[in-house]
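Each remark here refers to the structure printed beneath this line.
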Amino acid sequence: MLLNDLRQVIKLQVIGLKYASHGILLLSERSGVMRAVGEFCVHPGQGVCLVENVVSEPTPAYVLSPIGQKHPVQIVFPLDQEFRLRNLMTRDEATNLVDMYPQIELITFHIHNASLEESHFRHAIREGSCKDSISIAKTFRARIDKARSLNKKPPVSHERIFKMASNRGLYELITALNCTVDEIQKVFSSRYGVEIGKSIAYN
């Protein structure tokens, strides 16, 4: 594809090209380095996504495919919202995060209103890093375990927060490490006795 063609596709002032491992990075004055077709990014609502395409109609946009979905879906994401997409963590960052899991502290922040609490942590998961998601999952695992140890039923909202945070962290880790769900689950299970990305079983 010629540089002039790229200008027409994304309707931004493209100033150059850079070849990446999975595709062509589009360089623009507006946003620096654009996403490459064939690479991964993190969508605030859907988590890790593969950049499938860049389209021009009806408005310039990425076509994103979230990973880890039961049924394949595609998202059309406007290029002018590029700033809302986060870069996928690197392999080294993912390895370090797995290694430091025991040192990740539990979150002490509490809101007594269940609806407000769930809204707060959902926002933190959507807008935060993989480490934030792992920290939230670890925190709510502990809160759920504590409730059960007192013969109390954990709030349903805690289960939902735990599941959302676990899955968000799980799929970014496996993508960055280029491994399977089973492989990363075995790592956490053997090293820390934690079944990441799985529901907490009732006794």
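By order in the structure tokens, chains are A, B, ...; within a chain, residues start at 1; ligands start at 1, following the order shown.
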Got a sec: who's within 7 Å of A:Phe77, counting only C-alpha atoms, leaving out chain neighbours fewer than 2 positions off, as an MDAnalysis selection string?
-> chainID A and resid 61:63 75 79
Go ahead and save the picked residues with N, CA and C atoms, as a compact mmCIF listing (two decimals), in the first residue's frame.
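Wrote again.txt, looks like this:
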```
# COMPACT_ATOMS: atom_id res chain seq x y z
N ALA A 61 -11.57 4.10 11.43
CA ALA A 61 -11.69 3.28 12.64
C ALA A 61 -10.83 2.03 12.54
N TYR A 62 -10.50 1.48 13.72
CA TYR A 62 -9.90 0.16 13.80
C TYR A 62 -11.03 -0.87 13.82
N VAL A 63 -10.75 -2.04 13.29
CA VAL A 63 -11.62 -3.19 13.49
C VAL A 63 -10.87 -4.10 14.46
N ILE A 75 -15.22 -5.27 16.94
CA ILE A 75 -15.55 -3.93 17.42
C ILE A 75 -15.00 -2.91 16.44
N LEU A 79 -10.77 5.99 15.21
CA LEU A 79 -9.36 6.38 15.34
C LEU A 79 -9.19 7.61 16.21
```
Quick one: which stretch 47-150 of chain A residues come within 12 Å of stretch 168-180 of chain A, and what is the nearest atom pair for each with the distance in Å to one decimal, counting only C-alpha atoms, rows ordered by chain and ascending number, as a tab-separated table?
```
residue	atom	partner	partner_atom	distance
A:Gly47	CA	A:Arg168	CA	6.0
A:Val48	CA	A:Glu172	CA	6.1
A:Cys49	CA	A:Glu172	CA	9.4
A:Leu50	CA	A:Thr175	CA	10.1
A:Pro66	CA	A:Tyr171	CA	9.9
A:Ile67	CA	A:Tyr171	CA	7.4
A:Gly68	CA	A:Tyr171	CA	6.9
A:Gln69	CA	A:Tyr171	CA	10.4
A:Arg86	CA	A:Glu172	CA	11.3
A:Asn87	CA	A:Glu172	CA	10.4
A:Leu88	CA	A:Ala176	CA	7.0
A:Met89	CA	A:Ala176	CA	6.2
A:Thr90	CA	A:Ala176	CA	5.8
A:Arg91	CA	A:Ala176	CA	5.0
A:Asp92	CA	A:Leu177	CA	8.4
A:Glu93	CA	A:Ala176	CA	8.4
A:Ala94	CA	A:Leu173	CA	5.8
A:Thr95	CA	A:Leu177	CA	7.4
A:Asn96	CA	A:Leu173	CA	10.7
A:Leu97	CA	A:Leu173	CA	8.8
A:Val98	CA	A:Leu173	CA	8.5
A:Tyr101	CA	A:Gly169	CA	11.9
A:Arg122	CA	A:Arg168	CA	10.8
A:Ala124	CA	A:Arg168	CA	11.4
A:Ile125	CA	A:Arg168	CA	7.6
A:Arg126	CA	A:Arg168	CA	8.7
A:Glu127	CA	A:Arg168	CA	11.3
A:Gly128	CA	A:Arg168	CA	10.3
A:Ser129	CA	A:Gly169	CA	8.6
A:Cys130	CA	A:Gly169	CA	5.2
A:Lys131	CA	A:Gly169	CA	7.3
A:Asp132	CA	A:Gly169	CA	8.3
A:Ser133	CA	A:Gly169	CA	5.4
A:Ile134	CA	A:Gly169	CA	5.5
A:Ser135	CA	A:Gly169	CA	9.2
A:Ile136	CA	A:Gly169	CA	9.6
A:Ala137	CA	A:Gly169	CA	8.4
A:Lys138	CA	A:Gly169	CA	10.7
```
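Atom CA of A:Gln46 is found 20.9 Å from atom CA of A:Ser115.
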Enumerate the residues of stretch 36-185 of chain A with a DSSP assignment of strand (DSSP E), computed from the backbone, and present them as a list in words.
-> Phe40, Cys41, Val42, His43, Gly47, Val48, Cys49, Leu50, Val51, Glu52, Asn53, Val54, Val55, Ala61, Tyr62, Val63, Leu64, Ser65, Pro66, Ile75, Val76, Phe77, Pro78, Arg86 and Asn87 of chain A
Residue subset to file, keeping N, CA and C atoms, as a PDB file, in the first residue's frame:
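Final file, out_0.pdb:
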```pdb
ATOM      1  N   PHE A  40      -1.639  -6.521  18.994  1.00  0.00           N
ATOM      2  CA  PHE A  40      -2.618  -6.509  20.066  1.00  0.00           C
ATOM      3  C   PHE A  40      -2.615  -5.174  20.805  1.00  0.00           C
ATOM      4  N   CYS A  41      -3.762  -4.826  21.354  1.00  0.00           N
ATOM      5  CA  CYS A  41      -3.888  -3.659  22.224  1.00  0.00           C
ATOM      6  C   CYS A  41      -4.921  -4.015  23.284  1.00  0.00           C
ATOM      7  N   VAL A  42      -5.104  -3.109  24.248  1.00  0.00           N
ATOM      8  CA  VAL A  42      -6.064  -3.360  25.323  1.00  0.00           C
ATOM      9  C   VAL A  42      -7.178  -2.331  25.246  1.00  0.00           C
ATOM     10  N   HIS A  43      -8.385  -2.824  24.977  1.00  0.00           N
ATOM     11  CA  HIS A  43      -9.581  -1.996  24.902  1.00  0.00           C
ATOM     12  C   HIS A  43     -10.142  -1.836  26.313  1.00  0.00           C
ATOM     13  N   GLY A  47     -11.003  -5.583  26.921  1.00  0.00           N
ATOM     14  CA  GLY A  47      -9.723  -6.203  27.236  1.00  0.00           C
ATOM     15  C   GLY A  47      -8.836  -6.343  26.020  1.00  0.00           C
ATOM     16  N   VAL A  48      -8.029  -7.383  25.994  1.00  0.00           N
ATOM     17  CA  VAL A  48      -7.059  -7.574  24.911  1.00  0.00           C
ATOM     18  C   VAL A  48      -7.778  -7.820  23.592  1.00  0.00           C
ATOM     19  N   CYS A  49      -7.375  -7.081  22.578  1.00  0.00           N
ATOM     20  CA  CYS A  49      -7.972  -7.207  21.249  1.00  0.00           C
ATOM     21  C   CYS A  49      -6.878  -7.308  20.187  1.00  0.00           C
ATOM     22  N   LEU A  50      -7.183  -8.025  19.125  1.00  0.00           N
ATOM     23  CA  LEU A  50      -6.329  -8.067  17.947  1.00  0.00           C
ATOM     24  C   LEU A  50      -6.801  -7.004  16.969  1.00  0.00           C
ATOM     25  N   VAL A  51      -5.846  -6.208  16.443  1.00  0.00           N
ATOM     26  CA  VAL A  51      -6.192  -5.224  15.426  1.00  0.00           C
ATOM     27  C   VAL A  51      -6.322  -5.960  14.098  1.00  0.00           C
ATOM     28  N   GLU A  52      -7.564  -6.090  13.625  1.00  0.00           N
ATOM     29  CA  GLU A  52      -7.832  -6.849  12.402  1.00  0.00           C
ATOM     30  C   GLU A  52      -7.678  -5.995  11.143  1.00  0.00           C
ATOM     31  N   ASN A  53      -8.039  -4.713  11.255  1.00  0.00           N
ATOM     32  CA  ASN A  53      -8.053  -3.897  10.041  1.00  0.00           C
ATOM     33  C   ASN A  53      -8.154  -2.429  10.429  1.00  0.00           C
ATOM     34  N   VAL A  54      -7.921  -1.554   9.455  1.00  0.00           N
ATOM     35  CA  VAL A  54      -8.179  -0.126   9.580  1.00  0.00           C
ATOM     36  C   VAL A  54      -9.097   0.246   8.429  1.00  0.00           C
ATOM     37  N   VAL A  55     -10.250   0.854   8.726  1.00  0.00           N
ATOM     38  CA  VAL A  55     -11.226   1.186   7.685  1.00  0.00           C
ATOM     39  C   VAL A  55     -11.457   2.689   7.642  1.00  0.00           C
ATOM     40  N   ALA A  61     -11.571   4.101  11.430  1.00  0.00           N
ATOM     41  CA  ALA A  61     -11.686   3.283  12.638  1.00  0.00           C
ATOM     42  C   ALA A  61     -10.827   2.029  12.538  1.00  0.00           C
ATOM     43  N   TYR A  62     -10.499   1.484  13.719  1.00  0.00           N
ATOM     44  CA  TYR A  62      -9.904   0.161  13.803  1.00  0.00           C
ATOM     45  C   TYR A  62     -11.029  -0.867  13.819  1.00  0.00           C
ATOM     46  N   VAL A  63     -10.749  -2.036  13.288  1.00  0.00           N
ATOM     47  CA  VAL A  63     -11.620  -3.192  13.493  1.00  0.00           C
ATOM     48  C   VAL A  63     -10.874  -4.104  14.458  1.00  0.00           C
ATOM     49  N   LEU A  64     -11.440  -4.264  15.664  1.00  0.00           N
ATOM     50  CA  LEU A  64     -10.787  -5.016  16.736  1.00  0.00           C
ATOM     51  C   LEU A  64     -11.539  -6.307  17.026  1.00  0.00           C
ATOM     52  N   SER A  65     -10.786  -7.360  17.332  1.00  0.00           N
ATOM     53  CA  SER A  65     -11.382  -8.640  17.730  1.00  0.00           C
ATOM     54  C   SER A  65     -10.912  -8.983  19.140  1.00  0.00           C
ATOM     55  N   PRO A  66     -11.798  -8.905  20.139  1.00  0.00           N
ATOM     56  CA  PRO A  66     -11.418  -9.272  21.506  1.00  0.00           C
ATOM     57  C   PRO A  66     -11.057 -10.748  21.584  1.00  0.00           C
ATOM     58  N   ILE A  75     -15.225  -5.268  16.936  1.00  0.00           N
ATOM     59  CA  ILE A  75     -15.552  -3.930  17.423  1.00  0.00           C
ATOM     60  C   ILE A  75     -14.997  -2.912  16.443  1.00  0.00           C
ATOM     61  N   VAL A  76     -15.801  -1.965  16.055  1.00  0.00           N
ATOM     62  CA  VAL A  76     -15.333  -0.849  15.228  1.00  0.00           C
ATOM     63  C   VAL A  76     -15.021   0.307  16.177  1.00  0.00           C
ATOM     64  N   PHE A  77     -13.744   0.636  16.279  1.00  0.00           N
ATOM     65  CA  PHE A  77     -13.290   1.618  17.275  1.00  0.00           C
ATOM     66  C   PHE A  77     -12.724   2.850  16.572  1.00  0.00           C
ATOM     67  N   PRO A  78     -13.330   4.026  16.769  1.00  0.00           N
ATOM     68  CA  PRO A  78     -12.911   5.244  16.054  1.00  0.00           C
ATOM     69  C   PRO A  78     -11.444   5.599  16.282  1.00  0.00           C
ATOM     70  N   ARG A  86      -4.890   1.003  25.256  1.00  0.00           N
ATOM     71  CA  ARG A  86      -3.624   0.860  25.978  1.00  0.00           C
ATOM     72  C   ARG A  86      -2.733  -0.164  25.279  1.00  0.00           C
ATOM     73  N   ASN A  87      -1.420   0.070  25.341  1.00  0.00           N
ATOM     74  CA  ASN A  87      -0.485  -0.901  24.795  1.00  0.00           C
ATOM     75  C   ASN A  87      -0.498  -2.185  25.618  1.00  0.00           C
TER      76      ASN A  87
END
```
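When only C-alpha atoms are used to measure the gap to A:His112, the shortest distance among A:Ser190, A:Ser157, A:Glu57, A:Ala165 belongs to A:Ser157.
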Compile the contact shell of A:Arg141 as a PyMOL selection string: residues with an atom at most 10 Å away, counting only C-alpha atoms, same-chain residues fewer than 6 positions apart removed.
-> chain A and resi 106+135+158-159+161-163+166+194+199-200
Output N, CA and C atoms for every residue in the selection just made, as a PDB file, in the first residue's frame.
```pdb
ATOM      1  N   LEU A 106      -2.915  -6.522  48.991  1.00  0.00           N
ATOM      2  CA  LEU A 106      -4.364  -6.458  48.877  1.00  0.00           C
ATOM      3  C   LEU A 106      -4.819  -5.013  48.990  1.00  0.00           C
ATOM      4  N   SER A 135      -4.196  -7.350  41.009  1.00  0.00           N
ATOM      5  CA  SER A 135      -4.331  -6.901  42.394  1.00  0.00           C
ATOM      6  C   SER A 135      -5.789  -6.941  42.856  1.00  0.00           C
ATOM      7  N   HIS A 158     -19.056  -9.234  44.608  1.00  0.00           N
ATOM      8  CA  HIS A 158     -17.650  -9.600  44.799  1.00  0.00           C
ATOM      9  C   HIS A 158     -17.249 -10.695  43.824  1.00  0.00           C
ATOM     10  N   GLU A 159     -18.148 -11.636  43.593  1.00  0.00           N
ATOM     11  CA  GLU A 159     -17.888 -12.698  42.628  1.00  0.00           C
ATOM     12  C   GLU A 159     -17.720 -12.109  41.221  1.00  0.00           C
ATOM     13  N   ILE A 161     -16.827  -8.989  40.389  1.00  0.00           N
ATOM     14  CA  ILE A 161     -15.585  -8.215  40.314  1.00  0.00           C
ATOM     15  C   ILE A 161     -14.390  -9.159  40.187  1.00  0.00           C
ATOM     16  N   PHE A 162     -14.394 -10.213  40.993  1.00  0.00           N
ATOM     17  CA  PHE A 162     -13.303 -11.188  40.948  1.00  0.00           C
ATOM     18  C   PHE A 162     -13.181 -11.807  39.557  1.00  0.00           C
ATOM     19  N   LYS A 163     -14.306 -12.195  38.979  1.00  0.00           N
ATOM     20  CA  LYS A 163     -14.292 -12.836  37.662  1.00  0.00           C
ATOM     21  C   LYS A 163     -13.800 -11.874  36.592  1.00  0.00           C
ATOM     22  N   SER A 166     -10.007 -11.210  37.148  1.00  0.00           N
ATOM     23  CA  SER A 166      -9.220 -12.409  36.849  1.00  0.00           C
ATOM     24  C   SER A 166      -9.091 -12.617  35.349  1.00  0.00           C
ATOM     25  N   VAL A 194      -2.889 -20.870  43.354  1.00  0.00           N
ATOM     26  CA  VAL A 194      -3.982 -19.998  42.913  1.00  0.00           C
ATOM     27  C   VAL A 194      -4.449 -20.435  41.531  1.00  0.00           C
ATOM     28  N   SER A 199     -13.427 -19.617  38.594  1.00  0.00           N
ATOM     29  CA  SER A 199     -14.328 -19.275  39.681  1.00  0.00           C
ATOM     30  C   SER A 199     -13.836 -19.958  40.961  1.00  0.00           C
ATOM     31  N   ILE A 200     -14.082 -19.313  42.081  1.00  0.00           N
ATOM     32  CA  ILE A 200     -13.688 -19.890  43.361  1.00  0.00           C
ATOM     33  C   ILE A 200     -14.730 -20.928  43.757  1.00  0.00           C
TER      34      ILE A 200
END
```
For A:Arg84, which residue among A:Gly193, A:Pro155, A:Gly45, A:Glu117 is the nearest when counting only C-alpha atoms?
-> A:Gly45
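In this model, the gap between atom CA of A:Glu39 and atom CA of A:Lys70 comes to 20.8 Å.
Between atom CA of A:Lys146 and atom CA of A:Ile107 lies a distance of 14.2 Å.
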